[in-house]
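K.L.:
I'd like to ask you about the structure that follows.
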Amino acid sequence: MRLSRGSQALLRISTGITLAFIYVPLLVIVVYAFSVSRTFEWPPPGFTFDWFDLAFDNTGARDAFVYSVKTGLLATAVALVLGTLASLAVARHRFFGRETVSFLVILPIALPGIVTGIALNSTFTQVLGIDLSLFTIVVAHATFCIVVVYNNVIARLRRLSGSFEEASADLGATPWQTFRLITLPNTRTALVAGALLAFALSFDEIIVTTFTVGAGDQTLPIWIFTNFSRPNQLPIVNAVAVIVILISIIPVYLAYRLTREESTAARGGAPVASGAVTAP
Amino acid sequence: MGRRLADLFHGRPRLQAGALLAGPVGWLVVGYLGSLAVLLVTSFWTLGELSGEIEQTFTLDNFRDVVENDVYRSVTGRTVLIAGLVTVTDALLAFPLAFYMAKIAGPRTRGLLLVAVLMPLWSAYLVKIFAWRGILSQEGVLNWALEPLGIEGPGYGLVAVWLVMSYIWLPYMVIPIYAGLERIPNTLLSASEDMGAKPTYTFRRVILPLALPAVIAGSIFTFSLTLGDFIAPTLVGSGEQFIGTVVRDNFTVDLPFAAAFATVPIVIMIVYLLVARRMGAFEHL
Amino acid sequence: MRSNGGTSSARIAWLVVVGLLAFMVAFAAGCGSDDDDEGDSGGEALTELGEGEGEVNLVAWAGYVEDGSTDPKVDWVTDFEQETGCKVNVKIGNTSDEMVQLMRTGQYDGVSASGDASGRLVEGGDVDPVNVDLIPNYEDVFDALKDQPYNTFDGANYGVPHGRGSNLLMYDPAEVKPAPTSWDVVFDRADEYSGQVTAYDNPIYIADAALYLREHDPELGITDPYELDQDQFDAAIELLKQQREHIGEYWSDYTKEIQAFANGDSSVGTTWQVIANLLNADGSKEKVLLPEEGATGWSDTWMLSSEAEHPNCMYMWMDHIISPEANAAVAEWFGEAPANEKSCALTADKEHCDIYHADDEAFFDQIEYWKTPVSDCGDDRGDVCKTYDEWVQGWNEVKG
């Protein structure tokens, strides 16, 4: 689209302002993590690396990180299976209540986390009488992660003709063979993109997690939260946050690579990157 | 075995669909809707006066409180207002950014911008809010930066809650809008131009209508996430209550009431979703 | 798809409603048949300690059960685990309400309950009496902490004292002049510091207002700030609503209050001694005092769940946490007065017990420890006092 110089400049400026809005607070976190002040004093009276040493020594933070990764991977795995099945059914079949399925899938993320949290908590502890544990937290996370996989995969399937699958079935392939040889290769990037987002959602979730985390278990956000109630832990929390931001470059880079791969592969008017980045 | 199964499914689309759906729909209906139903049932129960434990005696008192008590009415009003403001703010901030990414930037810049927008999703939500506490505090970053200009930041309170929530949920608005704008073929825009439409006209009559469902899709997230949050109001508010804080506080002392109050955001969101669906937003989630 | 949007929206709504109703019916039917087994309150205390069961599950305040995972130097759990073979699992409770709720799940063996939780736990039958004869270190606990209304009910001990502290008045001397001597700076004179006042974000804070009114409005006849009848309660709520206008923010955890004072968002309000110490250590000039009206405070109790699966380990834990060494360590790290007399000799900072008034009974005589408000006023007014439930509602109204 050809825009006047003025409008282009305006767009650039507003993009810049929004980006600054996004990044200034992150920058502040980084500065705090190196500040000698333990009380968020501004401007920082001096700088130090001590908090990073302490953060690396902090086995609680490390355990919490590992636990978060474990939870995220399990929840993502469940969401991948359920989300893919649902999207295949909705994209490739017509049946009564088809519209309801997408409504149902979206519901857990569209209802506020606190509702999902207390509903699942009541069901687990009072109706089913099971103790909160890794199992309950994975169930909870998977429930609201299904939607991101579903959305990514269904967007792909809609662009993809179903005739390949039909041909495969007509030629005598079992449904599993068709899925493995036709559907899977064609939806691979959408699956990976969905999985990355599902993992990100699970990894930073705290509200539903508060109500479903097991006794003595801590995800990283829960660890951060409890450390606000401990004396003198704030700078360490900041250091841990910076470390996590650094680690998160890996999945973000993966997503970036994926979108580029897609744009070169898709070429042309199709909604290239949307599959890889559509957030929940 | 596989062969026989294949024969069974071949040419029976209903059976295929059923087999595919059994897992996810079973999970969501039994696990999720079931849990919501449990919550709804709980909201009709009573709290034992002496022990403070739940007694399974039917009552409508909890709902009466939610509807009739001024405190809870104003809490609901305040929460919906902030959620609405956050949504509008995010839409206004996100649209130019998304438009720039989708239609102006070259492929390389676009990729970088995408990464830039996605990145904050990975950094701890709690730490971001605490950073905002540092920014907004009396002797914090914002007032330090504004001091030479002789003005003061808003401090903690409703304005801070609005600002911080807008910040936290912004990526959830940018990404659907970006994806939505990208789906609009460039040829359509050129056609409009070729027929003599000014850019503003093209924007109003072509881009906006086509992008609206995507904006609404994004708004589902910003609205619902704000509606249920209890951490930002506790940390950057000045003690104002929100639906999230009331439900959280009552969850531990009076579960039936918390459950009754939790139906408020449920009803609001279901209505919101039905409207959003009608406007075609579900295709853009 | 858009053309039939209307009808399918209706269909979705219909399906959701029917689904929910079906579940409600099924669920309600399921519930009707299963009779709730009430916790049998007041079970018999153990008379003899057996072998440890290999683990113990605790609900505790952050900082009460530290195993070195927060800071390798802060560890009084690992020793215990090695000595007794009881592995310690801890769930952090963020508020007293949350602790009560966690204990009601029956998943835990014990809890570090503040006074506003202990009464509710006893009343709900969630905890059992404790035989203190099986806890050798109990002997060295300050007498003033034994047999108190927040840990002893109907003559039975319901646990061992962990430590205590008070909710003092902290102020920034640069902002608040002259130096205050009374709580009036956060109540009747709060308008002078409008926007800079802070208060503890919890229903139990109503007692702080009642304590103030006890001195300043004798007509109300308040004797115990936790035993408030309708008039007294209304007056306290009214006072808090006036204060609300001048509150900059409420606080509920260390970090929030420290940050607020360090950055000038709060200048006057309730605090814990440890918060002042941390601020001063970082160069802030905040001062702390016990105002002339006295103050509220907490004295926590380790209690034993009535459904404990590991009661022996829990007894061992209760003995361990009040041992001179462990009690000194936890008191110093958390910032409170230890419960064990002998701990004072073992703190790293030799002045710890002085700073926290550990053996200063004249100081603690002015402290009204948190306890659970119940309908029984404890005097001839009878059962007309406001229960904790009503305090929660009252607090909700204050915050509005």
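Ordered as shown in the structure tokens, chains take letters A, B, and onward, while each chain numbers its residues from 1 and ligands are numbered from 1 in the order shown.
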Which residues, written as a tab-separated table (two decimals) with N, CA, C and O atoms, in the first residue's frame, have at least one atom at most 6 Å from segment 326-333 of chain C, with only C-alpha atoms counted and residues fewer than 3 positions away on the same chain left out?

P.N.:
```
chain	number	residue	atom	x	y	z
C	76	TRP	N	17.40	-24.91	58.40
C	76	TRP	CA	17.20	-25.64	59.66
C	76	TRP	C	16.31	-26.85	59.42
C	76	TRP	O	15.67	-27.34	60.31
C	321	ILE	N	11.54	-27.35	65.79
C	321	ILE	CA	11.43	-25.93	65.42
C	321	ILE	C	11.51	-25.04	66.66
C	321	ILE	O	11.85	-23.86	66.55
C	322	ILE	N	11.23	-25.58	67.85
C	322	ILE	CA	11.42	-24.76	69.04
C	322	ILE	C	12.70	-25.14	69.79
C	322	ILE	O	12.90	-24.71	70.92
C	323	SER	N	13.55	-25.92	69.16
C	323	SER	CA	14.85	-26.18	69.78
C	323	SER	C	15.65	-24.88	69.75
C	323	SER	O	15.42	-24.04	68.89
C	336	GLU	N	11.64	-11.99	64.04
C	336	GLU	CA	10.63	-12.00	65.10
C	336	GLU	C	11.30	-12.44	66.40
C	336	GLU	O	12.47	-12.83	66.41
C	337	ALA	N	10.55	-12.37	67.48
C	337	ALA	CA	11.08	-12.80	68.77
C	337	ALA	C	10.95	-14.31	68.87
C	337	ALA	O	9.90	-14.86	68.58
C	338	PRO	N	12.04	-15.00	69.27
C	338	PRO	CA	11.96	-16.46	69.37
C	338	PRO	C	11.05	-16.88	70.52
C	338	PRO	O	10.77	-16.09	71.43
C	343	SER	N	17.24	-19.60	72.90
C	343	SER	CA	17.62	-19.17	71.56
C	343	SER	C	18.40	-17.86	71.59
C	343	SER	O	19.23	-17.60	70.72
C	347	THR	N	21.67	-16.52	68.65
C	347	THR	CA	21.49	-15.75	67.42
C	347	THR	C	22.83	-15.16	66.97
C	347	THR	O	23.69	-14.87	67.80
```

K.L.:
So that I can see what lies close to Asp63 of chain A, please list as a PDB file with N, CA and C atoms, in the first residue's frame the residues with an atom at most 9 Å from it, counting only C-alpha atoms and leaving out residues fewer than 5 positions away in the same chain.

P.N.:
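Saved to around-v2.pdb:
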```pdb
ATOM      1  N   ASN A  58      20.750 -20.593  44.107  1.00  0.00           N
ATOM      2  CA  ASN A  58      19.440 -20.789  44.692  1.00  0.00           C
ATOM      3  C   ASN A  58      18.795 -22.063  44.148  1.00  0.00           C
ATOM      4  N   SER A  68       8.658 -26.100  36.227  1.00  0.00           N
ATOM      5  CA  SER A  68       7.877 -25.356  35.233  1.00  0.00           C
ATOM      6  C   SER A  68       8.060 -25.945  33.841  1.00  0.00           C
ATOM      7  N   GLN A 218       6.536 -26.137  43.336  1.00  0.00           N
ATOM      8  CA  GLN A 218       6.594 -24.737  42.932  1.00  0.00           C
ATOM      9  C   GLN A 218       6.925 -24.627  41.462  1.00  0.00           C
ATOM     10  N   THR A 219       6.077 -23.924  40.724  1.00  0.00           N
ATOM     11  CA  THR A 219       6.485 -23.530  39.386  1.00  0.00           C
ATOM     12  C   THR A 219       7.270 -22.232  39.563  1.00  0.00           C
ATOM     13  N   LEU A 220       7.924 -21.798  38.519  1.00  0.00           N
ATOM     14  CA  LEU A 220       8.737 -20.596  38.663  1.00  0.00           C
ATOM     15  C   LEU A 220       7.909 -19.376  39.090  1.00  0.00           C
TER      16      LEU A 220
ATOM     17  N   SER C  69      17.221 -23.964  50.179  1.00  0.00           N
ATOM     18  CA  SER C  69      16.958 -23.754  48.755  1.00  0.00           C
ATOM     19  C   SER C  69      16.785 -22.278  48.440  1.00  0.00           C
TER      20      SER C  69
END
```

K.L.:
Could you check the closest approach to chain A for each of C:Asp265, C:Glu139, C:Glu48, C:Glu293 and tell me which residue wins, using only C-alpha atoms?

P.N.:
C:Asp265

K.L.:
Listing only residues of chain A within 7 Å of chain B, what is the closest atom pair and its distance in Å (to one decimal) for each, using only C-alpha atoms, sorted by chain and residue number ascending, as JSON lines?

P.N.:
```
{"residue": "A:Met1", "atom": "CA", "partner": "B:Leu189", "partner_atom": "CA", "distance": 6.3}
{"residue": "A:Leu3", "atom": "CA", "partner": "B:Pro199", "partner_atom": "CA", "distance": 6.7}
{"residue": "A:Leu11", "atom": "CA", "partner": "B:Pro96", "partner_atom": "CA", "distance": 6.1}
{"residue": "A:Ser14", "atom": "CA", "partner": "B:Pro96", "partner_atom": "CA", "distance": 6.7}
{"residue": "A:Thr15", "atom": "CA", "partner": "B:Leu97", "partner_atom": "CA", "distance": 4.7}
{"residue": "A:Thr18", "atom": "CA", "partner": "B:Leu93", "partner_atom": "CA", "distance": 6.4}
{"residue": "A:Ile22", "atom": "CA", "partner": "B:Tyr167", "partner_atom": "CA", "distance": 6.9}
{"residue": "A:Pro25", "atom": "CA", "partner": "B:Ala131", "partner_atom": "CA", "distance": 6.1}
{"residue": "A:Leu26", "atom": "CA", "partner": "B:Lys128", "partner_atom": "CA", "distance": 7.0}
{"residue": "A:Val28", "atom": "CA", "partner": "B:Ala131", "partner_atom": "CA", "distance": 6.4}
{"residue": "A:Ile29", "atom": "CA", "partner": "B:Ala131", "partner_atom": "CA", "distance": 5.8}
{"residue": "A:Phe40", "atom": "CA", "partner": "B:Gly134", "partner_atom": "CA", "distance": 6.0}
{"residue": "A:Trp42", "atom": "CA", "partner": "B:Gly140", "partner_atom": "CA", "distance": 5.5}
{"residue": "A:Leu82", "atom": "CA", "partner": "B:Pro24", "partner_atom": "CA", "distance": 4.8}
{"residue": "A:Gly83", "atom": "CA", "partner": "B:Pro24", "partner_atom": "CA", "distance": 6.9}
{"residue": "A:Leu85", "atom": "CA", "partner": "B:Leu20", "partner_atom": "CA", "distance": 5.2}
{"residue": "A:Ala86", "atom": "CA", "partner": "B:Leu21", "partner_atom": "CA", "distance": 5.6}
{"residue": "A:Ala89", "atom": "CA", "partner": "B:Ala17", "partner_atom": "CA", "distance": 5.1}
{"residue": "A:His93", "atom": "CA", "partner": "B:Ala17", "partner_atom": "CA", "distance": 6.2}
{"residue": "A:Leu104", "atom": "CA", "partner": "B:Leu28", "partner_atom": "CA", "distance": 7.0}
{"residue": "A:Ala110", "atom": "CA", "partner": "B:Ser224", "partner_atom": "CA", "distance": 5.9}
{"residue": "A:Leu111", "atom": "CA", "partner": "B:Ser224", "partner_atom": "CA", "distance": 6.2}
{"residue": "A:Pro112", "atom": "CA", "partner": "B:Gly228", "partner_atom": "CA", "distance": 4.5}
{"residue": "A:Gly113", "atom": "CA", "partner": "B:Gly228", "partner_atom": "CA", "distance": 6.0}
{"residue": "A:Ile114", "atom": "CA", "partner": "B:Gly228", "partner_atom": "CA", "distance": 5.7}
{"residue": "A:Val115", "atom": "CA", "partner": "B:Ala262", "partner_atom": "CA", "distance": 6.0}
{"residue": "A:Ala119", "atom": "CA", "partner": "B:Ser35", "partner_atom": "CA", "distance": 5.1}
{"residue": "A:Leu120", "atom": "CA", "partner": "B:Ser35", "partner_atom": "CA", "distance": 5.5}
{"residue": "A:Ser122", "atom": "CA", "partner": "B:Leu39", "partner_atom": "CA", "distance": 6.9}
{"residue": "A:Thr123", "atom": "CA", "partner": "B:Ser35", "partner_atom": "CA", "distance": 5.6}
{"residue": "A:Asn151", "atom": "CA", "partner": "B:Leu285", "partner_atom": "CA", "distance": 6.7}
{"residue": "A:Thr174", "atom": "CA", "partner": "B:Ala6", "partner_atom": "CA", "distance": 4.9}
{"residue": "A:Pro175", "atom": "CA", "partner": "B:Ala6", "partner_atom": "CA", "distance": 6.1}
{"residue": "A:Ala200", "atom": "CA", "partner": "B:Trp122", "partner_atom": "CA", "distance": 6.2}
{"residue": "A:Asp204", "atom": "CA", "partner": "B:Ala124", "partner_atom": "CA", "distance": 6.0}
{"residue": "A:Pro221", "atom": "CA", "partner": "B:Ala124", "partner_atom": "CA", "distance": 6.9}
{"residue": "A:Asn238", "atom": "CA", "partner": "B:Val127", "partner_atom": "CA", "distance": 6.9}
{"residue": "A:Ala241", "atom": "CA", "partner": "B:Ala124", "partner_atom": "CA", "distance": 6.4}
{"residue": "A:Val244", "atom": "CA", "partner": "B:Ser123", "partner_atom": "CA", "distance": 6.7}
{"residue": "A:Ile245", "atom": "CA", "partner": "B:Ser123", "partner_atom": "CA", "distance": 5.3}
{"residue": "A:Ser248", "atom": "CA", "partner": "B:Trp122", "partner_atom": "CA", "distance": 6.1}
{"residue": "A:Val252", "atom": "CA", "partner": "B:Val115", "partner_atom": "CA", "distance": 6.4}
{"residue": "A:Tyr256", "atom": "CA", "partner": "B:Val115", "partner_atom": "CA", "distance": 6.3}
{"residue": "A:Gly269", "atom": "CA", "partner": "B:Pro185", "partner_atom": "CA", "distance": 6.0}
{"residue": "A:Ala270", "atom": "CA", "partner": "B:Arg183", "partner_atom": "CA", "distance": 6.7}
{"residue": "A:Pro271", "atom": "CA", "partner": "B:Arg183", "partner_atom": "CA", "distance": 4.9}
{"residue": "A:Ser274", "atom": "CA", "partner": "B:Ala179", "partner_atom": "CA", "distance": 4.7}
{"residue": "A:Val277", "atom": "CA", "partner": "B:Ile175", "partner_atom": "CA", "distance": 6.8}
{"residue": "A:Thr278", "atom": "CA", "partner": "B:Ile175", "partner_atom": "CA", "distance": 5.8}
{"residue": "A:Ala279", "atom": "CA", "partner": "B:Ile175", "partner_atom": "CA", "distance": 6.1}
{"residue": "A:Pro280", "atom": "CA", "partner": "B:Leu285", "partner_atom": "CA", "distance": 6.4}
```

K.L.:
For chain C against chain A, with a cut-off of 7 Å and counting only C-alpha atoms, what is the closest atom pair and its distance in Å to one decimal for every residue that makes the cut, ordered by chain and number, as CSV?

P.N.:
```
residue,atom,partner,partner_atom,distance
C:Ile12,CA,A:Thr100,CA,5.5
C:Ala62,CA,A:Arg230,CA,5.9
C:Gly63,CA,A:Arg230,CA,5.8
C:Ser69,CA,A:Gly60,CA,4.4
C:Thr70,CA,A:Asn58,CA,5.5
C:Asp71,CA,A:Asn58,CA,6.1
C:Asn89,CA,A:Gly216,CA,5.3
C:Val90,CA,A:Gly216,CA,4.7
C:Lys91,CA,A:Gly216,CA,4.6
C:Asp253,CA,A:Ser229,CA,5.1
C:Tyr254,CA,A:Ser229,CA,5.5
C:Thr255,CA,A:Phe228,CA,5.3
C:Ile258,CA,A:Thr39,CA,6.4
C:Gln259,CA,A:Thr39,CA,5.2
C:Ala262,CA,A:Thr39,CA,6.2
C:Asn263,CA,A:Glu41,CA,6.4
C:Asp282,CA,A:Ser37,CA,6.9
C:Phe334,CA,A:Pro231,CA,6.9
```

K.L.:
I need the residues in segment 16-197 of chain A that are alpha helix (DSSP H) according to DSSP; give them as a PyMOL selection string.

P.N.:
chain A and resi 16-34+50-57+59-92+98-110+113-122+134-159+163-170+175-178+184-197

K.L.:
Enter the distance from atom CA of Ala209 of chain C to atom CA of Val268 of chain C, in Å, rounded to one decimal.

P.N.:
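Those two atoms sit 15.2 Å apart.
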
K.L.:
Could you please determine the separation between atom CA of Gly85 of chain C and atom CA of Val130 of chain C in Å, to one decimal place?

P.N.:
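So the answer is 21.4 Å.
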
K.L.:
Got a sec: who's within 9 Å of Val66 of chain B, counting only C-alpha atoms, leaving out chain neighbours fewer than 5 positions off, as a PyMOL selection string?

P.N.:
chain B and resi 61+71-73+257+260-261+264
